[in-house]
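my_file.cif follows (mmCIF, C-alpha atoms and all ligand atoms):
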data_model
loop_
_atom_site.label_atom_id
_atom_site.label_comp_id
_atom_site.auth_asym_id
_atom_site.auth_seq_id
_atom_site.Cartn_x
_atom_site.Cartn_y
_atom_site.Cartn_z
CA MET S 254 -60.39 -17.60 -5.88
CA THR S 255 -59.49 -19.14 -2.48
CA MET S 256 -56.70 -21.56 -1.66
CA PRO S 257 -55.59 -23.17 1.58
CA GLY S 258 -52.27 -22.30 3.23
CA ALA S 259 -50.39 -19.01 3.21
CA THR S 260 -52.39 -17.57 0.34
CA PHE S 261 -51.63 -14.25 -1.30
CA GLN S 262 -54.58 -12.88 -3.17
CA TYR S 263 -54.04 -10.74 -6.23
CA GLU S 264 -56.94 -9.58 -8.44
CA GLN S 265 -56.69 -12.29 -11.10
CA ILE S 266 -54.57 -14.96 -9.44
CA ALA S 267 -53.99 -16.49 -6.02
CA VAL S 268 -50.66 -17.97 -5.03
CA ARG S 269 -49.72 -20.23 -2.11
CA ALA S 270 -46.33 -19.33 -0.62
CA SER S 271 -43.80 -22.15 -0.20
CA GLY S 272 -41.94 -20.62 2.77
CA ALA S 273 -39.07 -18.13 2.45
CA VAL S 274 -39.03 -18.43 -1.32
CA GLY S 275 -41.43 -19.42 -4.06
CA ALA S 276 -45.16 -19.70 -4.47
CA GLU S 277 -47.39 -22.10 -6.33
CA VAL S 278 -49.89 -20.57 -8.72
CA CYS S 279 -52.98 -22.72 -9.05
CA GLU S 280 -55.68 -22.88 -11.67
CA VAL S 281 -53.71 -20.96 -14.28
CA ASP S 282 -53.23 -22.32 -17.78
CA LEU S 283 -50.09 -20.60 -19.08
CA SER S 284 -51.28 -20.89 -22.67
CA LYS S 285 -54.39 -18.83 -21.86
CA LEU S 286 -53.05 -15.74 -20.09
CA THR S 287 -54.79 -12.38 -20.17
CA ASP S 288 -52.76 -9.14 -20.00
CA ALA S 289 -54.01 -8.57 -16.44
CA MET S 290 -52.81 -12.03 -15.39
CA VAL S 291 -49.39 -11.42 -16.97
CA ALA S 292 -49.03 -8.17 -15.01
CA GLU S 293 -49.99 -9.90 -11.75
CA LEU S 294 -47.69 -12.87 -12.35
CA HIS S 295 -44.85 -10.43 -12.99
CA ARG S 296 -45.58 -8.76 -9.63
CA ALA S 297 -45.98 -12.10 -7.83
CA ARG S 298 -42.62 -13.31 -9.18
CA GLY S 299 -41.01 -10.12 -7.83
CA ASP S 300 -42.69 -10.73 -4.44
CA HIS S 301 -41.91 -14.47 -4.08
CA GLY S 302 -38.79 -14.93 -6.25
CA VAL S 303 -40.06 -17.99 -8.12
CA LEU S 304 -43.50 -19.15 -9.27
CA PHE S 305 -44.43 -22.80 -9.73
CA PHE S 306 -47.17 -24.14 -12.04
CA ARG S 307 -48.38 -27.72 -12.39
CA ASP S 308 -49.89 -29.75 -15.22
CA GLN S 309 -49.06 -27.39 -18.07
CA VAL S 310 -49.29 -28.76 -21.60
CA LEU S 311 -46.91 -26.72 -23.74
CA SER S 312 -45.45 -27.43 -27.16
CA GLU S 313 -42.13 -25.73 -27.93
CA ALA S 314 -44.06 -23.00 -29.79
CA ASP S 315 -46.41 -22.56 -26.79
CA HIS S 316 -43.44 -22.29 -24.43
CA ILE S 317 -41.95 -19.52 -26.61
CA ALA S 318 -45.31 -17.74 -26.85
CA VAL S 319 -45.70 -17.83 -23.03
CA ALA S 320 -42.18 -16.44 -22.55
CA GLU S 321 -42.82 -13.64 -25.02
CA ARG S 322 -45.78 -12.49 -22.90
CA PHE S 323 -43.27 -11.70 -20.12
CA GLY S 324 -40.38 -10.10 -22.01
CA THR S 325 -37.71 -10.44 -24.66
CA ILE S 326 -36.10 -13.86 -25.01
CA ASN S 327 -32.36 -14.07 -24.36
CA VAL S 328 -30.92 -16.67 -26.74
CA ASN S 329 -28.40 -18.48 -24.55
CA ARG S 330 -24.88 -18.28 -25.93
CA PHE S 331 -23.48 -21.33 -24.10
CA PHE S 332 -26.22 -24.00 -23.90
CA THR S 333 -27.19 -26.44 -26.66
CA ALA S 334 -30.55 -25.39 -28.08
CA VAL S 335 -33.54 -27.61 -28.82
CA ASP S 336 -33.49 -28.65 -32.50
CA GLY S 337 -35.30 -26.01 -34.54
CA PHE S 338 -35.88 -23.72 -31.54
CA PRO S 339 -32.80 -21.56 -30.80
CA GLN S 340 -34.80 -19.70 -28.13
CA ILE S 341 -35.03 -22.88 -25.98
CA ALA S 342 -31.96 -24.16 -24.13
CA GLU S 343 -31.95 -27.89 -23.46
CA VAL S 344 -31.11 -28.99 -19.92
CA ARG S 345 -30.66 -32.73 -20.40
CA LYS S 346 -29.05 -35.54 -18.43
CA GLU S 347 -29.15 -39.04 -19.92
CA ALA S 348 -29.37 -42.23 -17.84
CA GLU S 349 -25.72 -43.10 -18.49
CA GLN S 350 -24.39 -39.64 -17.56
CA THR S 351 -23.23 -38.62 -14.10
CA ALA S 352 -22.67 -34.85 -14.38
CA ASN S 353 -25.62 -32.47 -14.55
CA ILE S 354 -26.06 -28.83 -15.54
CA GLY S 355 -26.69 -26.37 -12.70
CA GLY S 356 -25.57 -28.72 -9.90
CA GLY S 357 -24.38 -26.00 -7.53
CA TRP S 358 -25.85 -22.80 -6.10
CA HIS S 359 -25.87 -20.02 -8.69
CA THR S 360 -27.95 -17.33 -10.27
CA ASP S 361 -27.91 -17.19 -14.05
CA HIS S 362 -26.12 -14.51 -16.06
CA SER S 363 -24.66 -12.46 -13.19
CA TYR S 364 -21.57 -12.25 -15.45
CA ASP S 365 -23.52 -9.98 -17.83
CA GLU S 366 -23.67 -6.21 -17.42
CA ILE S 367 -27.46 -6.46 -17.60
CA PRO S 368 -28.17 -9.93 -16.21
CA ALA S 369 -31.10 -11.92 -17.55
CA MET S 370 -34.27 -11.37 -15.52
CA GLY S 371 -35.10 -15.04 -15.10
CA SER S 372 -36.03 -18.30 -16.77
CA ILE S 373 -39.11 -20.36 -17.47
CA LEU S 374 -38.06 -23.99 -16.98
CA TYR S 375 -40.49 -26.64 -18.24
CA ALA S 376 -40.22 -30.31 -17.21
CA ARG S 377 -40.60 -32.71 -20.15
CA GLU S 378 -39.13 -35.91 -18.66
CA VAL S 379 -38.24 -36.22 -14.98
CA PRO S 380 -37.32 -39.08 -12.65
CA GLU S 381 -40.05 -40.17 -10.29
CA VAL S 382 -37.74 -39.67 -7.33
CA GLY S 383 -34.98 -37.06 -7.24
CA GLY S 384 -33.98 -34.39 -9.75
CA ASP S 385 -35.50 -31.65 -7.58
CA THR S 386 -34.41 -28.04 -7.81
CA LEU S 387 -33.55 -26.01 -4.71
CA PHE S 388 -34.23 -22.28 -4.58
CA ALA S 389 -32.89 -19.75 -2.07
CA SER S 390 -34.28 -16.30 -1.33
CA MET S 391 -31.81 -13.44 -1.61
CA TYR S 392 -34.37 -11.17 0.10
CA ALA S 393 -34.38 -13.44 3.16
CA ALA S 394 -30.58 -13.80 3.01
CA TYR S 395 -30.16 -10.03 3.13
CA ASP S 396 -32.93 -9.32 5.67
CA SER S 397 -31.50 -11.82 8.18
CA LEU S 398 -28.00 -10.25 8.26
CA SER S 399 -26.96 -7.91 11.07
CA GLU S 400 -27.33 -4.17 10.55
CA GLY S 401 -23.52 -3.82 10.55
CA MET S 402 -23.03 -6.43 7.82
CA ARG S 403 -25.92 -5.04 5.76
CA SER S 404 -24.47 -1.58 5.87
CA MET S 405 -20.98 -2.75 4.86
CA LEU S 406 -22.32 -4.85 1.95
CA CYS S 407 -24.47 -1.97 0.69
CA SER S 408 -21.33 0.07 -0.01
CA LEU S 409 -19.55 -2.69 -1.98
CA ASN S 410 -19.51 -4.13 -5.50
CA ALA S 411 -18.50 -7.59 -6.63
CA VAL S 412 -16.87 -8.89 -9.81
CA HIS S 413 -18.67 -11.71 -11.66
CA SER S 414 -17.42 -13.85 -14.55
CA SER S 415 -18.42 -16.68 -16.88
CA ARG S 416 -14.85 -17.60 -17.88
CA HIS S 417 -14.24 -20.21 -15.17
CA VAL S 418 -17.55 -21.96 -15.99
CA PHE S 419 -18.05 -21.59 -19.75
CA GLY S 420 -14.62 -20.42 -21.02
CA ALA S 421 -11.99 -22.33 -22.96
CA ARG S 422 -9.99 -23.04 -19.80
CA ALA S 423 -12.95 -24.01 -17.60
CA GLU S 424 -12.57 -27.33 -15.82
CA ARG S 425 -15.64 -29.49 -16.30
CA PRO S 426 -16.52 -33.11 -17.05
CA ALA S 427 -16.26 -34.05 -20.74
CA GLU S 428 -19.92 -35.10 -20.85
CA LEU S 429 -20.94 -31.55 -19.90
CA SER S 430 -18.66 -30.02 -22.53
CA ALA S 431 -20.74 -31.82 -25.15
CA ARG S 432 -23.84 -29.97 -23.91
CA LEU S 433 -22.20 -26.54 -23.75
CA GLY S 434 -20.43 -24.56 -26.47
CA ASN S 435 -19.27 -21.19 -27.78
CA GLN S 436 -16.44 -20.93 -25.26
CA ALA S 437 -15.01 -17.96 -27.14
CA ALA S 438 -17.99 -15.88 -25.95
CA ALA S 439 -16.97 -16.26 -22.29
CA THR S 440 -14.68 -13.24 -22.21
CA GLN S 441 -16.67 -10.61 -20.40
CA ASP S 442 -16.84 -9.97 -16.67
CA ALA S 443 -19.27 -7.62 -14.93
CA VAL S 444 -19.30 -5.61 -11.72
CA HIS S 445 -22.53 -5.26 -9.74
CA PRO S 446 -23.55 -3.84 -6.36
CA MET S 447 -23.44 -6.57 -3.68
CA VAL S 448 -26.91 -5.56 -2.57
CA ILE S 449 -29.34 -4.53 -5.30
CA ARG S 450 -32.76 -2.93 -5.22
CA HIS S 451 -35.05 -5.43 -6.92
CA PRO S 452 -36.37 -3.80 -10.11
CA VAL S 453 -39.96 -5.01 -9.52
CA SER S 454 -40.49 -5.33 -5.76
CA GLY S 455 -38.10 -2.54 -4.71
CA ARG S 456 -36.77 -4.81 -1.93
CA PRO S 457 -33.04 -5.12 -1.18
CA ALA S 458 -31.56 -8.45 -2.27
CA LEU S 459 -28.10 -9.93 -1.78
CA TYR S 460 -26.45 -10.15 -5.20
CA VAL S 461 -23.43 -12.47 -5.08
CA ASN S 462 -23.45 -16.20 -5.88
CA PRO S 463 -21.05 -19.14 -5.62
CA GLY S 464 -21.31 -19.96 -9.34
CA PHE S 465 -20.13 -16.73 -10.91
CA THR S 466 -18.89 -14.21 -8.30
CA LEU S 467 -15.08 -13.98 -8.28
CA ARG S 468 -14.29 -11.38 -5.60
CA ILE S 469 -15.27 -8.11 -3.99
CA GLU S 470 -14.19 -5.15 -6.09
CA GLY S 471 -11.07 -3.48 -4.72
CA TRP S 472 -10.33 -6.49 -2.45
CA THR S 473 -7.91 -9.33 -3.21
CA PRO S 474 -9.35 -12.82 -3.80
CA ALA S 475 -7.86 -13.86 -0.43
CA GLU S 476 -9.56 -10.95 1.36
CA SER S 477 -12.85 -11.58 -0.44
CA ALA S 478 -12.95 -15.36 0.15
CA PRO S 479 -13.93 -15.44 3.86
CA VAL S 480 -16.67 -12.81 3.42
CA LEU S 481 -18.08 -14.56 0.36
CA ALA S 482 -17.86 -17.96 2.10
CA PHE S 483 -19.80 -16.56 5.06
CA LEU S 484 -22.46 -15.09 2.75
CA TYR S 485 -22.82 -18.34 0.77
CA ALA S 486 -23.27 -20.42 3.93
CA HIS S 487 -25.71 -17.87 5.33
CA ALA S 488 -27.78 -17.50 2.15
CA SER S 489 -28.13 -21.27 1.66
CA ARG S 490 -29.35 -21.95 5.22
CA PRO S 491 -32.42 -24.23 5.01
CA GLU S 492 -34.76 -21.51 6.32
CA HIS S 493 -33.94 -19.39 3.24
CA THR S 494 -34.61 -22.21 0.78
CA TYR S 495 -37.34 -24.32 -0.80
CA ARG S 496 -37.04 -27.67 -2.62
CA PHE S 497 -39.29 -28.10 -5.65
CA HIS S 498 -40.20 -31.59 -6.81
CA TRP S 499 -40.86 -31.78 -10.53
CA MET S 500 -43.51 -33.74 -12.37
CA PRO S 501 -43.94 -33.83 -16.15
CA GLY S 502 -45.68 -30.57 -17.08
CA SER S 503 -44.35 -28.61 -14.09
CA VAL S 504 -43.00 -25.12 -14.69
CA ALA S 505 -40.74 -22.96 -12.51
CA PHE S 506 -40.48 -19.30 -13.44
CA TRP S 507 -37.69 -17.80 -11.36
CA ASP S 508 -36.27 -14.33 -10.93
CA ASN S 509 -32.47 -14.23 -10.99
CA ARG S 510 -32.36 -10.94 -9.05
CA ALA S 511 -34.17 -12.38 -6.02
CA THR S 512 -33.07 -16.04 -5.92
CA TRP S 513 -30.38 -18.65 -6.41
CA HIS S 514 -31.10 -22.16 -7.69
CA TYR S 515 -29.41 -25.58 -7.51
CA ALA S 516 -30.31 -28.64 -9.63
CA VAL S 517 -29.93 -31.67 -7.33
CA ASN S 518 -27.98 -34.47 -9.06
CA ASP S 519 -29.36 -37.58 -7.29
CA TYR S 520 -31.03 -39.60 -10.05
CA HIS S 521 -28.23 -41.47 -11.83
CA GLY S 522 -29.55 -44.14 -14.18
CA GLU S 523 -32.58 -42.05 -15.15
CA ARG S 524 -33.17 -39.42 -17.77
CA ARG S 525 -34.18 -35.82 -17.01
CA LEU S 526 -35.10 -33.46 -19.83
CA MET S 527 -36.01 -29.83 -19.22
CA HIS S 528 -36.57 -26.94 -21.63
CA ARG S 529 -35.43 -23.52 -20.48
CA ILE S 530 -36.27 -20.11 -21.91
CA THR S 531 -34.45 -17.13 -20.44
CA LEU S 532 -35.72 -13.56 -20.52
CA GLU S 533 -33.74 -10.34 -20.73
CA GLY S 534 -33.45 -8.26 -17.56
CA ASP S 535 -33.09 -4.66 -16.43
CA ALA S 536 -30.05 -2.61 -15.42
CA LEU S 537 -29.36 -3.22 -11.73
CA SER S 538 -28.96 -0.49 -9.15
CA ALA S 539 -27.68 -0.46 -5.59
CA ALA S 540 -30.15 -0.98 -2.75
CA VAL S 541 -29.42 2.37 -1.13
CA PRO S 542 -28.60 5.72 -2.73
CA GLY S 543 -24.83 6.18 -2.73
CA GLY S 544 -24.34 2.43 -2.13
CA GLY S 545 -22.46 0.18 -4.55
CA ALA S 546 -21.69 1.80 -7.91
CA PRO S 547 -23.97 0.97 -10.86
CA SER S 548 -23.32 -2.26 -12.79
CA ARG S 549 -20.74 -2.17 -15.54
CA ALA S 550 -19.14 -4.60 -17.99
CA VAL S 551 -15.45 -5.46 -17.80
CA HIS S 552 -13.70 -7.01 -20.76
CA ALA S 553 -11.44 -9.68 -19.37
CA VAL S 554 -8.11 -10.46 -20.96
CA GLY S 555 -7.45 -13.86 -22.48
CA GLY S 556 -10.95 -15.42 -22.34
C1 LIG S 601 -30.40 -24.44 -14.38
O1 LIG S 601 -29.50 -24.20 -13.60
O2 LIG S 601 -30.83 -23.60 -15.16
C2 LIG S 601 -31.03 -25.83 -14.38
C3 LIG S 601 -31.98 -26.01 -13.27
C4 LIG S 601 -32.56 -27.39 -13.25
O3 LIG S 601 -32.30 -28.18 -14.15
O4 LIG S 601 -33.30 -27.69 -12.32
#
Just give me the structure of the file as C-alpha cells.
Amino acid sequence: MTMPGATFQYEQIAVRASGAVGAEVCEVDLSKLTDAMVAELHRARGDHGVLFFRDQVLSEADHIAVAERFGTINVNRFFTAVDGFPQIAEVRKEAEQTANIGGGWHTDHSYDEIPAMGSILYAREVPEVGGDTLFASMYAAYDSLSEGMRSMLCSLNAVHSSRHVFGARAERPAELSARLGNQAAATQDAVHPMVIRHPVSGRPALYVNPGFTLRIEGWTPAESAPVLAFLYAHASRPEHTYRFHWMPGSVAFWDNRATWHYAVNDYHGERRLMHRITLEGDALSAAVPGGGAPSRAVHAVGG
C-alpha cells in the first residue's frame, strides 16, 4: 500500500504523519479489522500519539466492538452516557449552548492511579466549519527541552486531581453540569512521574497537563506554578501540535500517555455530537531508572 506524504509503512497498514503528532490511516474499515491490523494500529498509535480515520460507518454496537479489539472499556464515571450504551460517553453541544466539554488542553484520566490508555472519538454530527480538535505531542514537548530541564523533570513527580473539574465544588457553567454527574466519585488524586516511559513505544513523554495537574510533589503550589506554566506554554507551541478537522464519520483514536487534546469551541449556533469510548491503560513508570517514583493513588480529603 503506498500513500503520498510522510508515509510510514507497516506490514498491514500505511499511515501518513500529520507533523509532530498524529497520523491518518487510509483504506482501513474499522469494522473489518484483522488481528494483525489491530496489533499494527496499536503500535502506530504509540508511535504517532493519535490516529485519524475517515468515512467510518459505525453503529453504537460497532463502535463498542471496535473498542473491544483494542482493550478493556473504561465506563466513564463523570460523563453522561448514550442511552442504552453505558460504555459510550456522549460529548454533545447543542446550538443554543455556549460551553463545551474538553475546551482546554488536557489529557484524560491523569487523576487515576492507572490512567486510561486513550479514547476512540467518533463524529456523528459536526459543524461544517469549526469544532476542530487540537492535539499536542508530549514526545516532542519533552525532546525539545534542554538537557538540564529534562534531567530535573525526570527526577520529579506531580500530583493530579479530578476534584477541581468534576467534584462537588468545581466551578463550571450550569449547562455543563447537566452533561456531567457523579461528583461524589471525584475524591481521588494520583501522583505520577513528570516524565514517563511510554508503555508501547518506550519513548520518554512529558506527563503533566493544564487540566488535571495540581502541583509538583514536594513543592508548594506557588513554587510549582512557574515551572508548570513554562511547560504548558512550551508543550502547546504550534510546532508540537496538529489541528484535526472533523467530518461525519471521522474517528480519532488518541493515546493519553503521548498527547494532550483541546476541543475548540468556535461553532456557537450549531450542534456537535460525538461518541467517545475510553480504554483502560497500563501502570506508568518513570522514563529513566531511578527517576520519578512509580504512580500511586492518593485519597483526597473532602471530595
Ligand atoms: C474530549 O476532551 O474528550 C472531547 C474532545 C472533542 O470533543 O473534540
Hey, which bits of region 339-396 of chain S sit within 9 Å of region 494-514 of chain S, and for each residue what's the closest pair of atoms and how far apart in Å (one decimal), counting only C-alpha atoms, rows by chain and increasing number, as a tab-separated table?
residue	atom	partner	partner_atom	distance
S:Gly355	CA	S:His514	CA	7.9
S:Gly356	CA	S:His514	CA	8.9
S:Gly357	CA	S:His514	CA	7.7
S:Trp358	CA	S:His514	CA	5.5
S:His359	CA	S:Trp513	CA	5.2
S:Thr360	CA	S:Trp513	CA	4.7
S:Asp361	CA	S:Asn509	CA	6.2
S:His362	CA	S:Asn509	CA	8.1
S:Ser363	CA	S:Asn509	CA	8.3
S:Pro368	CA	S:Asn509	CA	8.0
S:Ala369	CA	S:Asn509	CA	7.1
S:Met370	CA	S:Asn509	CA	5.7
S:Gly371	CA	S:Asp508	CA	4.4
S:Ser372	CA	S:Phe506	CA	5.6
S:Ile373	CA	S:Phe506	CA	4.4
S:Leu374	CA	S:Ala505	CA	5.3
S:Tyr375	CA	S:Val504	CA	4.6
S:Ala376	CA	S:Pro501	CA	5.2
S:Arg377	CA	S:Pro501	CA	5.3
S:Glu378	CA	S:Pro501	CA	5.8
S:Val379	CA	S:Pro501	CA	6.3
S:Pro380	CA	S:Met500	CA	8.2
S:Glu381	CA	S:Met500	CA	7.6
S:Val382	CA	S:His498	CA	8.5
S:Gly383	CA	S:His498	CA	7.6
S:Gly384	CA	S:Trp499	CA	7.4
S:Asp385	CA	S:His498	CA	4.8
S:Thr386	CA	S:Phe497	CA	5.3
S:Leu387	CA	S:Arg496	CA	4.4
S:Phe388	CA	S:His514	CA	4.4
S:Ala389	CA	S:Thr494	CA	4.1
S:Ser390	CA	S:Thr512	CA	4.8
S:Met391	CA	S:Ala511	CA	5.1
S:Tyr392	CA	S:Ala511	CA	6.2
Rank nothing, just name the residue among S:Asn353, S:Ser404, S:Gln265, S:Asn462 nearest to ligand LIG 601 (chain S), using all atoms listed in the file.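 Counting all atoms listed in the file, the residue closest to ligand LIG 601 (chain S) is S:Asn353.
Using all atoms listed in the file, the protein and nucleic acid residues lying no more than 12 Å from Leu409 (chain S), apart from those fewer than 6 places from it along its own chain, are Met402, Arg403, Val444, His445, Pro446, Met447, Val448, Ile449, Leu459, Tyr460, Val461, Arg468, Ile469, Glu470, Gly471, Trp472, Ser477, Val480, Ala539, Ala540, Val541, Gly543, Gly544, Gly545, Ala546, Pro547 and Ser548 of chain S.
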Between S:Val310, S:Ala488, S:Ala393, S:Val551, single out the one closest to Gln441 (chain S), counting all atoms listed in the file.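 Of S:Val310, S:Ala488, S:Ala393, S:Val551, the one nearest Gln441 (chain S) is S:Val551, counting all atoms listed in the file.
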note - CA of Val274 (chain S) and CA of Val303 (chain S) are separated by 6.9 Å
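Between atom C1 of ligand LIG 601 (chain S) and CA of Thr473 (chain S) there is a distance of 29.3 Å.
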Kindly give the distance, in Å, that separates CA of Glu313 (chain S) and CA of Ile326 (chain S), rounded to a single decimal. 13.6 Å
Need the axis-aligned box for ligand LIG 601 (chain S) with 3 Å each side, so what are the centre and edges in Å to one decimal, as AutoDock Vina command-line options?
--center_x -31.4 --center_y -25.9 --center_z -13.7 --size_x 9.8 --size_y 10.6 --size_z 8.8
Do a neighbour search on Tyr263 (chain S) at 8 Å with only C-alpha atoms, toss out local chain neighbours closer than 3 positions, and write the hits as a PyMOL selection string. chain S and resi 266-267+293
Under the rule that only C-alpha atoms and all ligand atoms are counted, which of S:Gln262, S:Gln340, S:Asn329, S:Ser489 is the nearest residue to ligand LIG 601 (chain S)? S:Asn329
Please write as an MDAnalysis selection string the list of polymer residues whose atoms come within 7 Å of (-21.7, -6.4, -16.9), counting only C-alpha atoms and keeping to the coordinates of the file. chainID S and resid 364:367 442:444 548:551
Taking into account only C-alpha atoms and all ligand atoms, which residue in the set S:Ala536, S:Ala318, S:Ala482, S:Val344 is nearest to ligand LIG 601 (chain S)?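 Looking at the shortest contact to ligand LIG 601 (chain S), the residue is S:Val344.
The nearest approach to ligand LIG 601 (chain S) among the residues S:Pro491, S:Ser538, S:Ser414, S:Glu343, with all atoms listed in the file taken into account, belongs to S:Glu343.
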Please list as a PDB file with C-alpha atoms, keeping the file's coordinate frame every residue within 7 Å of Thr260 (chain S), counting all atoms listed in the file and excluding residues in the same chain fewer than 6 positions away.
ATOM      1  CA  ALA S 267     -53.990 -16.490  -6.020  1.00  0.00           C
ATOM      2  CA  VAL S 268     -50.660 -17.970  -5.030  1.00  0.00           C
ATOM      3  CA  ARG S 269     -49.720 -20.230  -2.110  1.00  0.00           C
ATOM      4  CA  ALA S 270     -46.330 -19.330  -0.620  1.00  0.00           C
TER       5      ALA S 270
END
Choose the residue, out of S:Ala334, S:Leu294, S:Ala411, S:Leu304, that has the smallest atom-to-atom separation from Thr466 (chain S); count all atoms listed in the file.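 Among S:Ala334, S:Leu294, S:Ala411, S:Leu304, it is S:Ala411 that comes nearest to Thr466 (chain S).
Residues near the point (-53.1, -17.7, -22.9), at a distance of 12 Å or less over only C-alpha atoms, make up S:Val281, S:Asp282, S:Leu283, S:Ser284, S:Lys285, S:Leu286, S:Thr287, S:Asp288, S:Ala289, S:Met290, S:Val291, S:Gln309, S:Val310, S:Leu311, S:Asp315, S:His316, S:Ile317, S:Ala318, S:Val319, S:Ala320, S:Glu321, S:Arg322, S:Phe323.
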Residue selection dump (C-alpha atoms) as a tab-separated table (two decimals), in the coordinates of the input:
chain	number	residue	atom	x	y	z
S	281	VAL	CA	-53.71	-20.96	-14.28
S	282	ASP	CA	-53.23	-22.32	-17.78
S	283	LEU	CA	-50.09	-20.60	-19.08
S	284	SER	CA	-51.28	-20.89	-22.67
S	285	LYS	CA	-54.39	-18.83	-21.86
S	286	LEU	CA	-53.05	-15.74	-20.09
S	287	THR	CA	-54.79	-12.38	-20.17
S	288	ASP	CA	-52.76	-9.14	-20.00
S	289	ALA	CA	-54.01	-8.57	-16.44
S	290	MET	CA	-52.81	-12.03	-15.39
S	291	VAL	CA	-49.39	-11.42	-16.97
S	309	GLN	CA	-49.06	-27.39	-18.07
S	310	VAL	CA	-49.29	-28.76	-21.60
S	311	LEU	CA	-46.91	-26.72	-23.74
S	315	ASP	CA	-46.41	-22.56	-26.79
S	316	HIS	CA	-43.44	-22.29	-24.43
S	317	ILE	CA	-41.95	-19.52	-26.61
S	318	ALA	CA	-45.31	-17.74	-26.85
S	319	VAL	CA	-45.70	-17.83	-23.03
S	320	ALA	CA	-42.18	-16.44	-22.55
S	321	GLU	CA	-42.82	-13.64	-25.02
S	322	ARG	CA	-45.78	-12.49	-22.90
S	323	PHE	CA	-43.27	-11.70	-20.12
Coordinates of region 275-280 of chain S, all heavy atoms, as a PDB file, in the first residue's frame:
ATOM      1  N   GLY S 275       0.214  12.757  15.419  1.00  0.00           N
ATOM      2  CA  GLY S 275      -0.920  12.251  14.661  1.00  0.00           C
ATOM      3  C   GLY S 275      -0.546  11.720  13.298  1.00  0.00           C
ATOM      4  O   GLY S 275       0.449  12.125  12.703  1.00  0.00           O
ATOM      5  N   ALA S 276      -1.379  10.786  12.842  1.00  0.00           N
ATOM      6  CA  ALA S 276      -1.189  10.212  11.512  1.00  0.00           C
ATOM      7  C   ALA S 276      -2.542   9.739  11.020  1.00  0.00           C
ATOM      8  O   ALA S 276      -3.357   9.234  11.806  1.00  0.00           O
ATOM      9  CB  ALA S 276      -0.219   9.050  11.580  1.00  0.00           C
ATOM     10  N   GLU S 277      -2.759   9.930   9.720  1.00  0.00           N
ATOM     11  CA  GLU S 277      -4.024   9.465   9.140  1.00  0.00           C
ATOM     12  C   GLU S 277      -3.829   8.058   8.572  1.00  0.00           C
ATOM     13  O   GLU S 277      -2.856   7.802   7.870  1.00  0.00           O
ATOM     14  CB  GLU S 277      -4.479  10.426   8.037  1.00  0.00           C
ATOM     15  CG  GLU S 277      -5.811   9.993   7.459  1.00  0.00           C
ATOM     16  CD  GLU S 277      -6.575  11.138   6.811  1.00  0.00           C
ATOM     17  OE1 GLU S 277      -6.301  12.306   7.119  1.00  0.00           O
ATOM     18  OE2 GLU S 277      -7.452  10.824   5.986  1.00  0.00           O
ATOM     19  N   VAL S 278      -4.744   7.186   8.930  1.00  0.00           N
ATOM     20  CA  VAL S 278      -4.699   5.808   8.433  1.00  0.00           C
ATOM     21  C   VAL S 278      -5.697   5.725   7.300  1.00  0.00           C
ATOM     22  O   VAL S 278      -6.875   6.025   7.485  1.00  0.00           O
ATOM     23  CB  VAL S 278      -5.103   4.808   9.540  1.00  0.00           C
ATOM     24  CG1 VAL S 278      -4.949   3.379   9.050  1.00  0.00           C
ATOM     25  CG2 VAL S 278      -4.285   5.042  10.803  1.00  0.00           C
ATOM     26  N   CYS S 279      -5.235   5.355   6.125  1.00  0.00           N
ATOM     27  CA  CYS S 279      -6.161   5.312   4.986  1.00  0.00           C
ATOM     28  C   CYS S 279      -6.525   3.881   4.646  1.00  0.00           C
ATOM     29  O   CYS S 279      -5.802   2.949   4.981  1.00  0.00           O
ATOM     30  CB  CYS S 279      -5.545   6.000   3.777  1.00  0.00           C
ATOM     31  SG  CYS S 279      -5.435   7.774   4.040  1.00  0.00           S
ATOM     32  N   GLU S 280      -7.635   3.767   3.977  1.00  0.00           N
ATOM     33  CA  GLU S 280      -8.093   2.479   3.437  1.00  0.00           C
ATOM     34  C   GLU S 280      -8.263   1.417   4.511  1.00  0.00           C
ATOM     35  O   GLU S 280      -8.000   0.246   4.271  1.00  0.00           O
ATOM     36  CB  GLU S 280      -7.121   1.981   2.354  1.00  0.00           C
ATOM     37  CG  GLU S 280      -7.056   2.907   1.151  1.00  0.00           C
ATOM     38  CD  GLU S 280      -5.880   2.583   0.252  1.00  0.00           C
ATOM     39  OE1 GLU S 280      -5.566   1.389   0.114  1.00  0.00           O
ATOM     40  OE2 GLU S 280      -5.298   3.527  -0.297  1.00  0.00           O
TER      41      GLU S 280
END
